[in-house]
$ cat entry-v4.cif   # mmCIF, N, CA and C atoms
data_target
#
loop_
_atom_site.label_atom_id
_atom_site.label_comp_id
_atom_site.auth_asym_id
_atom_site.auth_seq_id
_atom_site.Cartn_x
_atom_site.Cartn_y
_atom_site.Cartn_z
N MET A 11 20.54 -5.78 8.10
CA MET A 11 20.13 -4.44 7.75
C MET A 11 19.64 -3.75 9.03
N ASN A 12 20.05 -2.51 9.25
CA ASN A 12 19.61 -1.82 10.47
C ASN A 12 18.19 -1.28 10.28
N LEU A 13 17.57 -0.90 11.39
CA LEU A 13 16.17 -0.47 11.36
C LEU A 13 15.94 0.73 10.45
N ALA A 14 16.81 1.73 10.52
CA ALA A 14 16.64 2.92 9.70
C ALA A 14 16.69 2.56 8.20
N THR A 15 17.59 1.66 7.84
CA THR A 15 17.70 1.24 6.44
C THR A 15 16.45 0.49 5.99
N GLU A 16 15.92 -0.37 6.86
CA GLU A 16 14.68 -1.08 6.53
C GLU A 16 13.54 -0.10 6.28
N LEU A 17 13.42 0.90 7.13
CA LEU A 17 12.37 1.91 6.98
C LEU A 17 12.55 2.70 5.69
N ARG A 18 13.78 3.11 5.40
CA ARG A 18 14.05 3.88 4.17
C ARG A 18 13.81 3.04 2.91
N THR A 19 14.16 1.77 2.97
CA THR A 19 13.95 0.87 1.84
C THR A 19 12.46 0.74 1.53
N ALA A 20 11.65 0.59 2.58
CA ALA A 20 10.20 0.49 2.39
C ALA A 20 9.64 1.80 1.85
N ALA A 21 10.11 2.93 2.36
CA ALA A 21 9.64 4.23 1.88
C ALA A 21 9.96 4.40 0.40
N GLU A 22 11.15 4.01 -0.01
CA GLU A 22 11.55 4.13 -1.41
C GLU A 22 10.72 3.21 -2.31
N LYS A 23 10.45 2.00 -1.82
CA LYS A 23 9.63 1.06 -2.59
C LYS A 23 8.22 1.63 -2.78
N LEU A 24 7.65 2.19 -1.73
CA LEU A 24 6.34 2.82 -1.84
C LEU A 24 6.36 3.97 -2.85
N ARG A 25 7.37 4.82 -2.76
CA ARG A 25 7.46 5.97 -3.68
C ARG A 25 7.54 5.51 -5.13
N LYS A 26 8.29 4.45 -5.38
CA LYS A 26 8.42 3.92 -6.74
C LYS A 26 7.06 3.45 -7.26
N HIS A 27 6.32 2.74 -6.42
CA HIS A 27 5.02 2.23 -6.85
C HIS A 27 4.00 3.34 -7.00
N VAL A 28 4.03 4.32 -6.11
CA VAL A 28 3.12 5.46 -6.21
C VAL A 28 3.38 6.22 -7.51
N LYS A 29 4.66 6.37 -7.87
CA LYS A 29 5.04 7.10 -9.08
C LYS A 29 4.41 6.49 -10.32
N HIS A 30 4.29 5.18 -10.35
CA HIS A 30 3.79 4.49 -11.54
C HIS A 30 2.31 4.11 -11.44
N ALA A 31 1.69 4.33 -10.30
CA ALA A 31 0.27 4.00 -10.13
C ALA A 31 -0.61 5.08 -10.76
N THR A 32 -1.81 4.71 -11.10
CA THR A 32 -2.79 5.68 -11.58
C THR A 32 -3.09 6.65 -10.46
N ASP A 33 -3.07 7.95 -10.78
CA ASP A 33 -3.31 8.94 -9.73
C ASP A 33 -4.75 8.87 -9.25
N GLY A 34 -4.96 9.32 -8.03
CA GLY A 34 -6.26 9.25 -7.38
C GLY A 34 -7.00 10.57 -7.44
N PRO A 35 -8.12 10.66 -6.80
CA PRO A 35 -8.68 9.67 -5.87
C PRO A 35 -9.28 8.47 -6.61
N TRP A 36 -9.27 7.33 -5.90
CA TRP A 36 -9.84 6.10 -6.44
C TRP A 36 -11.20 5.86 -5.82
N VAL A 37 -12.10 5.31 -6.60
CA VAL A 37 -13.45 4.97 -6.14
C VAL A 37 -13.81 3.58 -6.67
N THR A 38 -14.82 2.99 -6.08
CA THR A 38 -15.24 1.66 -6.52
C THR A 38 -16.60 1.72 -7.21
N SER A 39 -16.86 0.67 -7.96
CA SER A 39 -18.14 0.52 -8.62
C SER A 39 -18.48 -0.96 -8.59
N THR A 40 -19.74 -1.29 -8.35
CA THR A 40 -20.15 -2.69 -8.40
C THR A 40 -20.35 -3.08 -9.85
N VAL A 41 -20.88 -4.24 -10.07
CA VAL A 41 -20.98 -4.87 -11.39
C VAL A 41 -21.01 -3.85 -12.52
N TRP A 42 -19.92 -3.80 -13.25
CA TRP A 42 -19.77 -2.81 -14.32
C TRP A 42 -19.72 -3.45 -15.69
N SER A 43 -19.45 -4.74 -15.73
CA SER A 43 -19.28 -5.42 -17.00
C SER A 43 -20.65 -5.65 -17.67
N PRO A 44 -20.74 -5.39 -18.97
CA PRO A 44 -22.01 -5.61 -19.67
C PRO A 44 -22.51 -7.05 -19.56
N ARG A 45 -21.59 -7.99 -19.44
CA ARG A 45 -21.99 -9.40 -19.33
C ARG A 45 -21.77 -9.93 -17.92
N ALA A 46 -21.58 -9.02 -16.94
CA ALA A 46 -21.40 -9.38 -15.53
C ALA A 46 -20.20 -10.31 -15.31
N THR A 47 -19.12 -10.06 -16.06
CA THR A 47 -17.93 -10.86 -15.85
C THR A 47 -17.06 -10.29 -14.73
N SER A 48 -17.38 -9.10 -14.27
CA SER A 48 -16.67 -8.51 -13.13
C SER A 48 -17.69 -8.10 -12.08
N THR A 49 -17.34 -8.33 -10.82
CA THR A 49 -18.27 -7.98 -9.75
C THR A 49 -17.92 -6.65 -9.10
N SER A 50 -16.71 -6.17 -9.26
CA SER A 50 -16.33 -4.89 -8.69
C SER A 50 -15.12 -4.35 -9.43
N ALA A 51 -14.96 -3.03 -9.36
CA ALA A 51 -13.85 -2.39 -10.04
C ALA A 51 -13.44 -1.15 -9.27
N VAL A 52 -12.22 -0.69 -9.53
CA VAL A 52 -11.70 0.54 -8.93
C VAL A 52 -11.35 1.48 -10.08
N TYR A 53 -11.82 2.72 -9.97
CA TYR A 53 -11.59 3.73 -10.99
C TYR A 53 -10.91 4.94 -10.37
N SER A 54 -10.19 5.68 -11.20
CA SER A 54 -9.57 6.94 -10.78
C SER A 54 -10.44 8.10 -11.24
N HIS A 55 -10.77 8.99 -10.32
CA HIS A 55 -11.52 10.19 -10.68
C HIS A 55 -10.62 11.27 -11.28
N ALA A 56 -9.33 10.99 -11.37
CA ALA A 56 -8.40 11.97 -11.95
C ALA A 56 -8.45 11.96 -13.47
N HIS A 57 -9.17 10.99 -14.04
CA HIS A 57 -9.26 10.86 -15.50
C HIS A 57 -10.72 10.78 -15.91
N PRO A 58 -11.04 11.13 -17.14
CA PRO A 58 -12.43 11.09 -17.59
C PRO A 58 -13.04 9.69 -17.46
N THR A 59 -14.27 9.65 -16.97
CA THR A 59 -14.99 8.38 -16.80
C THR A 59 -15.07 7.63 -18.12
N GLY A 60 -14.83 6.34 -18.05
CA GLY A 60 -14.94 5.50 -19.23
C GLY A 60 -13.67 5.39 -20.05
N THR A 61 -12.63 6.15 -19.70
CA THR A 61 -11.38 6.06 -20.44
C THR A 61 -10.51 4.95 -19.85
N VAL A 62 -9.59 4.47 -20.65
CA VAL A 62 -8.66 3.45 -20.17
C VAL A 62 -7.85 3.98 -18.99
N ASP A 63 -7.49 5.25 -19.02
CA ASP A 63 -6.71 5.85 -17.93
C ASP A 63 -7.46 5.85 -16.61
N SER A 64 -8.79 5.85 -16.65
CA SER A 64 -9.56 5.89 -15.42
C SER A 64 -9.64 4.53 -14.73
N GLU A 65 -9.32 3.46 -15.44
CA GLU A 65 -9.44 2.11 -14.89
C GLU A 65 -8.20 1.75 -14.08
N VAL A 66 -8.42 1.41 -12.82
CA VAL A 66 -7.32 1.02 -11.94
C VAL A 66 -7.21 -0.50 -11.88
N VAL A 67 -8.30 -1.17 -11.51
CA VAL A 67 -8.31 -2.62 -11.42
C VAL A 67 -9.75 -3.11 -11.42
N ALA A 68 -9.96 -4.30 -11.95
CA ALA A 68 -11.28 -4.93 -11.90
C ALA A 68 -11.11 -6.32 -11.32
N SER A 69 -12.10 -6.76 -10.59
CA SER A 69 -12.07 -8.11 -10.05
C SER A 69 -13.46 -8.70 -10.18
N GLY A 70 -13.51 -9.99 -10.25
CA GLY A 70 -14.82 -10.62 -10.37
C GLY A 70 -14.73 -12.06 -10.74
N ARG A 71 -15.73 -12.51 -11.42
CA ARG A 71 -15.75 -13.91 -11.83
C ARG A 71 -16.09 -13.98 -13.31
N ILE A 72 -15.49 -14.93 -13.95
CA ILE A 72 -15.80 -15.19 -15.36
C ILE A 72 -16.97 -16.15 -15.38
N LYS A 73 -17.90 -15.96 -16.30
CA LYS A 73 -19.12 -16.77 -16.31
C LYS A 73 -18.84 -18.26 -16.34
N SER A 74 -17.70 -18.66 -16.90
CA SER A 74 -17.37 -20.08 -16.96
C SER A 74 -17.00 -20.62 -15.58
N GLY A 75 -16.80 -19.73 -14.62
CA GLY A 75 -16.48 -20.18 -13.27
C GLY A 75 -14.99 -20.18 -12.96
N TYR A 76 -14.16 -19.75 -13.90
CA TYR A 76 -12.72 -19.74 -13.68
C TYR A 76 -12.21 -18.35 -13.31
N GLY A 77 -11.23 -18.32 -12.45
CA GLY A 77 -10.47 -17.10 -12.17
C GLY A 77 -11.24 -16.00 -11.47
N GLY A 78 -10.51 -14.96 -11.11
CA GLY A 78 -11.11 -13.76 -10.57
C GLY A 78 -11.36 -13.79 -9.07
N ILE A 79 -11.55 -12.60 -8.55
CA ILE A 79 -11.84 -12.41 -7.15
C ILE A 79 -13.31 -12.08 -7.04
N ARG A 80 -14.03 -12.75 -6.20
CA ARG A 80 -15.48 -12.55 -6.11
C ARG A 80 -15.89 -11.58 -5.02
N ASN A 81 -14.98 -11.13 -4.23
CA ASN A 81 -15.31 -10.32 -3.07
C ASN A 81 -15.22 -8.83 -3.38
N PRO A 82 -16.33 -8.09 -3.39
CA PRO A 82 -16.26 -6.65 -3.69
C PRO A 82 -15.51 -5.85 -2.63
N TRP A 83 -15.34 -6.41 -1.43
CA TRP A 83 -14.57 -5.72 -0.39
C TRP A 83 -13.11 -5.58 -0.81
N ASN A 84 -12.63 -6.44 -1.69
CA ASN A 84 -11.25 -6.31 -2.18
C ASN A 84 -11.09 -4.99 -2.94
N ALA A 85 -12.07 -4.68 -3.78
CA ALA A 85 -12.02 -3.42 -4.53
C ALA A 85 -12.11 -2.24 -3.58
N GLU A 86 -12.97 -2.32 -2.57
CA GLU A 86 -13.11 -1.25 -1.59
C GLU A 86 -11.77 -1.01 -0.87
N TYR A 87 -11.11 -2.09 -0.50
CA TYR A 87 -9.82 -1.97 0.18
C TYR A 87 -8.77 -1.35 -0.73
N ILE A 88 -8.72 -1.80 -1.96
CA ILE A 88 -7.75 -1.25 -2.91
C ILE A 88 -7.98 0.24 -3.08
N ALA A 89 -9.23 0.66 -3.18
CA ALA A 89 -9.54 2.08 -3.36
C ALA A 89 -9.08 2.89 -2.14
N LEU A 90 -9.18 2.33 -0.94
CA LEU A 90 -8.70 3.02 0.25
C LEU A 90 -7.19 3.24 0.22
N MET A 91 -6.47 2.32 -0.40
CA MET A 91 -5.01 2.38 -0.42
C MET A 91 -4.48 3.08 -1.66
N GLN A 92 -5.17 4.13 -2.11
CA GLN A 92 -4.78 4.88 -3.29
C GLN A 92 -3.39 5.52 -3.11
N PRO A 93 -2.80 6.03 -4.18
CA PRO A 93 -1.44 6.58 -4.13
C PRO A 93 -1.22 7.64 -3.06
N ALA A 94 -2.21 8.44 -2.75
CA ALA A 94 -2.03 9.48 -1.72
C ALA A 94 -1.71 8.84 -0.36
N VAL A 95 -2.33 7.70 -0.08
CA VAL A 95 -2.05 6.99 1.17
C VAL A 95 -0.61 6.47 1.15
N GLY A 96 -0.18 5.92 0.03
CA GLY A 96 1.19 5.43 -0.11
C GLY A 96 2.22 6.53 0.06
N THR A 97 1.92 7.70 -0.50
CA THR A 97 2.83 8.84 -0.38
C THR A 97 2.99 9.25 1.08
N LEU A 98 1.89 9.37 1.79
CA LEU A 98 1.95 9.75 3.21
C LEU A 98 2.61 8.67 4.07
N LEU A 99 2.35 7.41 3.76
CA LEU A 99 2.99 6.33 4.51
C LEU A 99 4.50 6.34 4.27
N ALA A 100 4.92 6.60 3.04
CA ALA A 100 6.36 6.70 2.75
C ALA A 100 6.99 7.83 3.55
N GLN A 101 6.30 8.96 3.64
CA GLN A 101 6.81 10.09 4.43
C GLN A 101 6.92 9.71 5.91
N LEU A 102 5.92 9.01 6.42
CA LEU A 102 5.94 8.58 7.82
C LEU A 102 7.10 7.62 8.09
N LEU A 103 7.33 6.69 7.17
CA LEU A 103 8.45 5.75 7.32
C LEU A 103 9.79 6.48 7.28
N GLU A 104 9.90 7.47 6.41
CA GLU A 104 11.14 8.25 6.30
C GLU A 104 11.41 9.05 7.58
N VAL A 105 10.37 9.66 8.14
CA VAL A 105 10.52 10.41 9.40
C VAL A 105 10.94 9.45 10.51
N GLU A 106 10.32 8.29 10.55
CA GLU A 106 10.69 7.30 11.58
C GLU A 106 12.13 6.84 11.39
N ALA A 107 12.57 6.70 10.15
CA ALA A 107 13.96 6.32 9.89
C ALA A 107 14.92 7.38 10.44
N ASP A 108 14.58 8.65 10.27
CA ASP A 108 15.40 9.74 10.83
C ASP A 108 15.45 9.67 12.35
N VAL A 109 14.30 9.41 12.97
CA VAL A 109 14.24 9.30 14.43
C VAL A 109 15.08 8.11 14.90
N VAL A 110 14.93 6.98 14.24
CA VAL A 110 15.68 5.78 14.61
C VAL A 110 17.19 6.04 14.48
N ALA A 111 17.60 6.65 13.39
CA ALA A 111 19.03 6.94 13.19
C ALA A 111 19.55 7.86 14.29
N ALA A 112 18.77 8.85 14.67
CA ALA A 112 19.19 9.78 15.73
C ALA A 112 19.28 9.08 17.08
N ARG A 113 18.28 8.26 17.40
CA ARG A 113 18.32 7.54 18.67
C ARG A 113 19.49 6.56 18.72
N THR A 114 19.73 5.88 17.61
CA THR A 114 20.84 4.93 17.55
C THR A 114 22.18 5.65 17.69
N ALA A 115 22.31 6.80 17.06
CA ALA A 115 23.55 7.58 17.18
C ALA A 115 23.75 8.09 18.61
N MET A 116 22.66 8.34 19.30
CA MET A 116 22.75 8.89 20.65
C MET A 116 23.30 7.86 21.65
N ASP A 117 22.81 6.62 21.58
CA ASP A 117 23.27 5.64 22.58
C ASP A 117 23.92 4.39 21.98
N GLY A 118 24.05 4.33 20.67
CA GLY A 118 24.75 3.23 20.03
C GLY A 118 23.98 1.93 19.94
N THR A 119 22.71 1.93 20.29
CA THR A 119 21.92 0.72 20.22
C THR A 119 20.59 1.00 19.52
N GLN A 120 20.02 -0.05 18.94
CA GLN A 120 18.72 0.09 18.28
C GLN A 120 17.57 -0.30 19.21
N ASP A 121 17.90 -0.71 20.45
CA ASP A 121 16.85 -1.09 21.40
C ASP A 121 15.90 0.07 21.59
N TYR A 122 14.62 -0.19 21.43
CA TYR A 122 13.55 0.80 21.60
C TYR A 122 13.71 1.99 20.64
N ALA A 123 14.42 1.80 19.55
CA ALA A 123 14.61 2.90 18.61
C ALA A 123 13.37 3.15 17.77
N ALA A 124 12.66 2.11 17.40
CA ALA A 124 11.49 2.26 16.53
C ALA A 124 10.21 2.33 17.35
N ASP A 125 9.40 3.34 17.09
CA ASP A 125 8.08 3.49 17.72
C ASP A 125 8.12 3.35 19.24
N TYR A 126 9.16 3.82 19.84
CA TYR A 126 9.30 3.70 21.31
C TYR A 126 9.14 2.27 21.77
N GLY A 127 9.62 1.34 20.98
CA GLY A 127 9.58 -0.07 21.35
C GLY A 127 8.36 -0.83 20.86
N THR A 128 7.38 -0.17 20.23
CA THR A 128 6.20 -0.89 19.76
C THR A 128 6.45 -1.58 18.41
N ASN A 129 7.35 -1.02 17.61
CA ASN A 129 7.76 -1.59 16.33
C ASN A 129 6.67 -1.66 15.27
N HIS A 130 5.60 -0.90 15.41
CA HIS A 130 4.54 -0.94 14.39
C HIS A 130 5.07 -0.53 13.02
N LEU A 131 5.81 0.56 12.95
CA LEU A 131 6.29 1.03 11.64
C LEU A 131 7.35 0.12 11.05
N ILE A 132 8.20 -0.45 11.87
CA ILE A 132 9.20 -1.38 11.33
C ILE A 132 8.51 -2.65 10.81
N ASN A 133 7.44 -3.08 11.48
CA ASN A 133 6.69 -4.24 10.99
C ASN A 133 6.01 -3.92 9.65
N ILE A 134 5.48 -2.71 9.50
CA ILE A 134 4.90 -2.29 8.23
C ILE A 134 5.99 -2.27 7.16
N ALA A 135 7.15 -1.72 7.48
CA ALA A 135 8.27 -1.66 6.53
C ALA A 135 8.67 -3.07 6.09
N ARG A 136 8.70 -4.00 7.03
CA ARG A 136 9.10 -5.37 6.69
C ARG A 136 8.06 -6.05 5.79
N LEU A 137 6.80 -5.75 6.02
CA LEU A 137 5.77 -6.29 5.12
C LEU A 137 5.93 -5.72 3.72
N ILE A 138 6.19 -4.44 3.61
CA ILE A 138 6.40 -3.81 2.31
C ILE A 138 7.65 -4.36 1.63
N ASN A 139 8.70 -4.56 2.42
CA ASN A 139 9.98 -5.06 1.88
C ASN A 139 9.94 -6.55 1.58
N GLY A 140 8.92 -7.24 2.08
CA GLY A 140 8.82 -8.68 1.84
C GLY A 140 9.73 -9.50 2.73
N THR A 141 10.17 -8.92 3.84
CA THR A 141 10.96 -9.70 4.79
C THR A 141 10.03 -10.34 5.80
N THR A 142 10.44 -11.46 6.35
CA THR A 142 9.56 -12.20 7.25
C THR A 142 9.80 -11.91 8.72
N GLU A 143 10.92 -11.30 9.03
CA GLU A 143 11.22 -11.01 10.43
C GLU A 143 10.23 -9.97 10.95
N GLU A 144 9.52 -10.34 12.00
CA GLU A 144 8.57 -9.41 12.62
C GLU A 144 8.90 -9.33 14.10
N THR A 145 8.84 -8.14 14.65
CA THR A 145 9.12 -7.97 16.06
C THR A 145 7.80 -7.85 16.83
N ALA A 146 7.86 -8.20 18.07
CA ALA A 146 6.64 -8.16 18.91
C ALA A 146 6.22 -6.74 19.20
#
$ encode --input "entry-v4.cif" --output "structure tokens"
Amino acid sequence: MNLATELRTAAEKLRKHVKHATDGPWVTSTVWSPRATSTSAVYSHAHPTGTVDSEVVASGRIKSGYGGIRNPWNAEYIALMQPAVGTLLAQLLEVEADVVAARTAMDGTQDYAADYGTNHLINIARLINGTTEETA
């Protein structure tokens, strides 16, 4: 797969997930469960507080000691990566795909086509696409 296609594939995957995600902005809350079975949660401010639509994800521990994520920083990170971030990242990947395609058409090679040789965006695209090939 060429670099431009990898970038476009990642952009499309992001757009698909953003389309189906709860709209933002997202915020976090610490222990919200009446019985403290969750240690952190992410909510959408786009929906009325306390509604099912406002709930994005909850993480924590079950009192029996099984399952769950105990780290509230996970919820904070998830809230930072709300759909608006995904939308803008998809746009950035698409713009980079256009640049890569133009550079490749100009000289017939993909050398230094992505990020002027830094490959940051292609590495992000590969992480999103689930491919393991990473460039330096």
$ closest_residue --input "entry-v4.cif" --among "A:Leu131, A:Val67, A:Leu98, A:Ala111" --to "A:Val52" --atoms "only N, CA and C atoms"
A:Val67
$ resolve_selection --input "entry-v4.cif" --expression "the PyMOL selection byres ((chain A and resi 83-97) around 6.5)" --output "PyMOL selection string"
chain A and resi 24-25+28+32-34+36-38+50-52+80-82+98-102
$ atom_distance --input "entry-v4.cif" --atom1 "atom N of A:Ser64" --atom2 "atom C of A:Ala31"
10.1 Å
$ atom_distance --input "entry-v4.cif" --atom1 "atom N of A:Thr15" --atom2 "atom CA of A:Ala107"
6.3 Å
$ resolve_selection --input "entry-v4.cif" --expression "the PyMOL selection byres ((chain A and resi 14) around 6.5)" --output "VMD selection string"
chain A and resid 11 to 13 15 to 19 106 to 108 110 to 111
$ axis_aligned_box --input "entry-v4.cif" --around "stretch 93-107 of chain A" --padding-each-side "8 Å" --output "lines of an AutoDock Vina configuration file"
center_x = 6.1
center_y = 7.9
center_z = 3.7
size_x = 33.7
size_y = 21.0
size_z = 31.8
$ atom_distance --input "entry-v4.cif" --atom1 "atom CA of A:Glu65" --atom2 "atom CA of A:His30"
13.9 Å
$ closest_residue --input "entry-v4.cif" --among "A:Leu103, A:Thr128, A:Thr141, A:Thr114" --to "A:Glu22" --atoms "only C-alpha atoms"
A:Leu103
